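Asker: Please read through the structure below; I'll follow up with questions.
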Amino acid sequence: MTERLCRACGEWHDLGQPWPRVCVDHFKGRTNARSALPRPMVISDTLDGLQSMVSGERFDSKADLRRHYRANGVIEVGNETITPRDNDDIATAPIEAEVARAFDQLS
Ligand SMILES: [Zn+2]
């Protein structure tokens with residue numbers, strides 16, 4: 001069983017179960033880094049010679065690097081917002097049986 005500390009209620013929740021609806025605030029943005037003042041938010045395209053994980057080539061532009069990754073079938077991950085899973089329809093009995101069988105093979 002994998003658990004995660006809830007930022008909404010401070011309790012641990014089982015990730016195998018659907019996230020409690022009352023704790024949905026857990027998934028809200030974590031920082032208030034953006035000012036409440038109205039102004040455009042500009043994200044620079046420049047990089048400081050970031051190296052491609054595919055070819056080792058150096059890039060000075062995020063757009064060029066992403067174009068290079070896309071052309072090579074690489075998917076960048078890491079900034080996704082985690083959404084609560086609604087996995088009521090997943091039957092756990094076959095999974096538990098398979099895990100039990102694997103434990104039997106090891107012992
Ligand atoms: Zn909670």
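Residue numbering restarts at 1 for every chain of the structure tokens, chains are lettered A, B, ... in their displayed order, and ligands are numbered from 1 as they appear.
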Excluding segment 49-51 of chain A and its own-chain neighbours fewer than 4 positions away, which residues fall within 12 Å of it when counting only C-alpha atoms? Please give them as number ranges by chain.
Answerer: A: 45, 55-66, 68-69
Asker: Got time to write the residues from that selection, all heavy atoms, as a compact mmCIF listing (two decimals), in the first residue's frame?
Answerer:
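Result saved to part-v1.txt:
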# COMPACT_ATOMS: atom_id res chain seq x y z
N ASP A 45 12.53 32.29 -23.47
CA ASP A 45 12.83 31.11 -24.28
C ASP A 45 14.30 30.73 -24.19
O ASP A 45 14.70 29.67 -24.64
CB ASP A 45 12.45 31.39 -25.74
CG ASP A 45 12.67 30.18 -26.63
OD1 ASP A 45 12.05 29.13 -26.35
OD2 ASP A 45 13.49 30.27 -27.56
N SER A 55 21.22 13.49 -27.90
CA SER A 55 22.43 13.52 -28.70
C SER A 55 23.60 14.21 -28.02
O SER A 55 24.73 14.13 -28.50
CB SER A 55 22.13 14.25 -30.02
OG SER A 55 21.77 15.60 -29.74
N GLY A 56 23.35 14.88 -26.92
CA GLY A 56 24.44 15.62 -26.26
C GLY A 56 24.64 17.01 -26.82
O GLY A 56 25.46 17.78 -26.33
N GLU A 57 23.87 17.33 -27.87
CA GLU A 57 23.93 18.63 -28.51
C GLU A 57 23.49 19.71 -27.52
O GLU A 57 22.63 19.47 -26.68
CB GLU A 57 22.95 18.57 -29.68
CG GLU A 57 23.10 19.58 -30.76
CD GLU A 57 22.07 19.32 -31.87
OE1 GLU A 57 21.55 18.18 -31.96
OE2 GLU A 57 21.76 20.25 -32.59
N ARG A 58 24.08 20.92 -27.61
CA ARG A 58 23.72 22.00 -26.70
C ARG A 58 22.69 22.94 -27.35
O ARG A 58 22.79 23.22 -28.54
CB ARG A 58 24.96 22.79 -26.30
CG ARG A 58 25.96 21.94 -25.55
CD ARG A 58 26.32 22.59 -24.24
NE ARG A 58 27.18 21.68 -23.48
CZ ARG A 58 26.91 21.30 -22.24
NH1 ARG A 58 25.84 21.75 -21.64
NH2 ARG A 58 27.72 20.49 -21.60
N PHE A 59 21.73 23.41 -26.53
CA PHE A 59 20.68 24.29 -27.06
C PHE A 59 20.61 25.57 -26.24
O PHE A 59 20.77 25.55 -25.02
CB PHE A 59 19.32 23.58 -27.00
CG PHE A 59 19.16 22.50 -28.03
CD1 PHE A 59 19.58 21.20 -27.76
CD2 PHE A 59 18.62 22.78 -29.27
CE1 PHE A 59 19.45 20.20 -28.70
CE2 PHE A 59 18.49 21.79 -30.22
CZ PHE A 59 18.91 20.49 -29.93
N ASP A 60 20.36 26.68 -26.92
CA ASP A 60 20.18 27.98 -26.26
C ASP A 60 18.72 28.41 -26.28
O ASP A 60 18.40 29.49 -25.80
CB ASP A 60 21.04 29.05 -26.95
CG ASP A 60 22.52 28.77 -26.76
OD1 ASP A 60 22.89 28.26 -25.69
OD2 ASP A 60 23.30 29.05 -27.69
N SER A 61 17.85 27.59 -26.84
CA SER A 61 16.43 27.93 -26.95
C SER A 61 15.58 26.75 -26.51
O SER A 61 15.80 25.62 -26.94
CB SER A 61 16.10 28.30 -28.40
OG SER A 61 14.72 28.21 -28.62
N LYS A 62 14.61 27.02 -25.61
CA LYS A 62 13.71 25.95 -25.16
C LYS A 62 12.92 25.39 -26.33
O LYS A 62 12.70 24.18 -26.42
CB LYS A 62 12.74 26.49 -24.12
CG LYS A 62 13.37 26.84 -22.80
CD LYS A 62 12.29 27.41 -21.88
CE LYS A 62 12.90 28.05 -20.66
NZ LYS A 62 11.90 28.79 -19.88
N ALA A 63 12.46 26.30 -27.22
CA ALA A 63 11.65 25.85 -28.36
C ALA A 63 12.47 24.92 -29.26
O ALA A 63 11.96 23.89 -29.71
CB ALA A 63 11.15 27.06 -29.15
N ASP A 64 13.73 25.27 -29.49
CA ASP A 64 14.59 24.42 -30.32
C ASP A 64 14.81 23.06 -29.66
O ASP A 64 14.77 22.02 -30.32
CB ASP A 64 15.94 25.09 -30.58
CG ASP A 64 15.84 26.26 -31.54
OD1 ASP A 64 14.78 26.40 -32.19
OD2 ASP A 64 16.81 27.03 -31.62
N LEU A 65 15.03 23.09 -28.34
CA LEU A 65 15.25 21.83 -27.62
C LEU A 65 14.02 20.95 -27.67
O LEU A 65 14.10 19.75 -27.92
CB LEU A 65 15.64 22.12 -26.16
CG LEU A 65 15.84 20.89 -25.27
CD1 LEU A 65 17.02 20.05 -25.76
CD2 LEU A 65 16.07 21.30 -23.82
N ARG A 66 12.83 21.55 -27.45
CA ARG A 66 11.59 20.76 -27.49
C ARG A 66 11.32 20.23 -28.89
O ARG A 66 10.84 19.10 -29.05
CB ARG A 66 10.42 21.61 -27.00
CG ARG A 66 10.61 21.93 -25.52
CD ARG A 66 9.33 22.24 -24.79
NE ARG A 66 9.60 22.29 -23.37
CZ ARG A 66 9.58 23.41 -22.65
NH1 ARG A 66 9.25 24.55 -23.21
NH2 ARG A 66 9.86 23.38 -21.37
N HIS A 68 13.63 19.48 -31.04
CA HIS A 68 14.61 18.40 -31.17
C HIS A 68 14.10 17.14 -30.45
O HIS A 68 14.18 16.03 -30.99
CB HIS A 68 15.94 18.87 -30.58
CG HIS A 68 16.94 17.79 -30.31
ND1 HIS A 68 17.68 17.21 -31.32
CD2 HIS A 68 17.33 17.19 -29.16
CE1 HIS A 68 18.48 16.30 -30.79
NE2 HIS A 68 18.29 16.27 -29.48
N TYR A 69 13.57 17.30 -29.22
CA TYR A 69 13.04 16.15 -28.48
C TYR A 69 11.87 15.52 -29.22
O TYR A 69 11.77 14.31 -29.33
CB TYR A 69 12.59 16.59 -27.08
CG TYR A 69 13.70 16.66 -26.06
CD1 TYR A 69 13.54 17.39 -24.89
CD2 TYR A 69 14.90 15.99 -26.25
CE1 TYR A 69 14.55 17.47 -23.94
CE2 TYR A 69 15.92 16.06 -25.31
CZ TYR A 69 15.73 16.80 -24.16
OH TYR A 69 16.72 16.85 -23.23
Asker: At most 12 Å is the cut-off: for each residue in chain A with any atom that close to an atom of ligand 1, write down the nearest atom pair and the distance in Å rounded to one decimal, counting only C-alpha atoms and all ligand atoms, chain first then increasing number, as a Markdown table.
Answerer:
| residue | atom | partner | partner_atom_place_in_ligand_line | distance |
| --- | --- | --- | --- | --- |
| A:Glu3 | CA | ligand 1 | 1 (Zn) | 11.1 |
| A:Arg4 | CA | ligand 1 | 1 (Zn) | 9.2 |
| A:Leu5 | CA | ligand 1 | 1 (Zn) | 7.6 |
| A:Cys6 | CA | ligand 1 | 1 (Zn) | 4.5 |
| A:Arg7 | CA | ligand 1 | 1 (Zn) | 6.7 |
| A:Ala8 | CA | ligand 1 | 1 (Zn) | 5.1 |
| A:Cys9 | CA | ligand 1 | 1 (Zn) | 4.1 |
| A:Gly10 | CA | ligand 1 | 1 (Zn) | 6.0 |
| A:Glu11 | CA | ligand 1 | 1 (Zn) | 5.4 |
| A:Trp12 | CA | ligand 1 | 1 (Zn) | 6.9 |
| A:His13 | CA | ligand 1 | 1 (Zn) | 6.6 |
| A:Asp14 | CA | ligand 1 | 1 (Zn) | 10.1 |
| A:Leu15 | CA | ligand 1 | 1 (Zn) | 11.4 |
| A:Pro18 | CA | ligand 1 | 1 (Zn) | 11.3 |
| A:Trp19 | CA | ligand 1 | 1 (Zn) | 7.9 |
| A:Pro20 | CA | ligand 1 | 1 (Zn) | 6.5 |
| A:Arg21 | CA | ligand 1 | 1 (Zn) | 8.6 |
| A:Val22 | CA | ligand 1 | 1 (Zn) | 7.1 |
| A:Cys23 | CA | ligand 1 | 1 (Zn) | 4.5 |
| A:Val24 | CA | ligand 1 | 1 (Zn) | 7.8 |
| A:Asp25 | CA | ligand 1 | 1 (Zn) | 8.5 |
| A:His26 | CA | ligand 1 | 1 (Zn) | 7.2 |
| A:Phe27 | CA | ligand 1 | 1 (Zn) | 10.5 |
| A:Pro84 | CA | ligand 1 | 1 (Zn) | 11.7 |
Asker: In chain A, what's strand (DSSP E or B) per DSSP? Answer as a PyMOL selection string?
Answerer: chain A and resi 3-5+12-14+46-51+58-61
Asker: Generate a file of the selected residues that holds C-alpha atoms, formatted as a PDB file, in the first residue's frame.
Answerer:
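After the write, out.pdb holds the following:
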ATOM      1  CA  GLU A   3       0.225   6.407   0.958  1.00  0.00           C
ATOM      2  CA  ARG A   4       0.569  10.114   0.440  1.00  0.00           C
ATOM      3  CA  LEU A   5       0.456  12.898   3.008  1.00  0.00           C
ATOM      4  CA  TRP A  12      -2.162   9.954   5.036  1.00  0.00           C
ATOM      5  CA  HIS A  13      -4.343   8.638   2.200  1.00  0.00           C
ATOM      6  CA  ASP A  14      -4.006   5.299   0.422  1.00  0.00           C
ATOM      7  CA  THR A  46      16.551  31.340 -23.601  1.00  0.00           C
ATOM      8  CA  LEU A  47      18.565  28.569 -22.029  1.00  0.00           C
ATOM      9  CA  ASP A  48      22.164  28.507 -20.910  1.00  0.00           C
ATOM     10  CA  GLY A  49      23.467  25.786 -23.215  1.00  0.00           C
ATOM     11  CA  LEU A  50      21.252  22.982 -21.963  1.00  0.00           C
ATOM     12  CA  GLN A  51      22.418  19.620 -23.243  1.00  0.00           C
ATOM     13  CA  ARG A  58      23.716  22.004 -26.696  1.00  0.00           C
ATOM     14  CA  PHE A  59      20.679  24.289 -27.064  1.00  0.00           C
ATOM     15  CA  ASP A  60      20.180  27.978 -26.265  1.00  0.00           C
ATOM     16  CA  SER A  61      16.432  27.934 -26.950  1.00  0.00           C
TER      17      SER A  61
END
Asker: I need the residue nearest Thr83 of chain A from this list: A:Lys28, A:Arg39, A:Arg34, A:Arg67. Use only C-alpha atoms for the distance.
Answerer: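 Closest residue, counting only C-alpha atoms: A:Lys28.
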Asker: For a quick check of understanding, using only C-alpha atoms, which of A:Pro40, A:Gly16, A:Gly29, A:Pro94 has the smallest distance to Asn79 of chain A?
Answerer: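 Of A:Pro40, A:Gly16, A:Gly29, A:Pro94, the one nearest Asn79 of chain A is A:Gly29, counting only C-alpha atoms.
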Asker: Can you list, as a list in words, all residues belonging to segment 2-106 of chain A that DSSP tags as alpha helix (DSSP H)?
Answerer: Lys62, Ala63, Asp64, Leu65, Arg66, Arg67, His68, Tyr69, Arg70, Ala71, Ala93, Pro94, Ile95, Glu96, Ala97, Glu98, Val99, Ala100, Arg101, Ala102, Phe103, Asp104, Gln105 and Leu106 of chain A
Asker: Can you work out the spacing between atom CA of Glu80 of chain A and atom CA of Ile43 of chain A in Å, to one decimal?
Answerer: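 Pair atom CA of Glu80 of chain A / atom CA of Ile43 of chain A returns 17.5 Å.
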Asker: So what do you get for atom CA of Thr31 of chain A versus atom CA of Glu76 of chain A, distance-wise?
Answerer: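 Atom CA of Glu76 of chain A lies at a distance of 22.3 Å from atom CA of Thr31 of chain A.
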Asker: Could you state the separation of atom CA of Gly78 of chain A and atom CA of Arg30 of chain A in Å, given to one decimal place?
Answerer: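 Distance reported for this atom pair: 15.0 Å.
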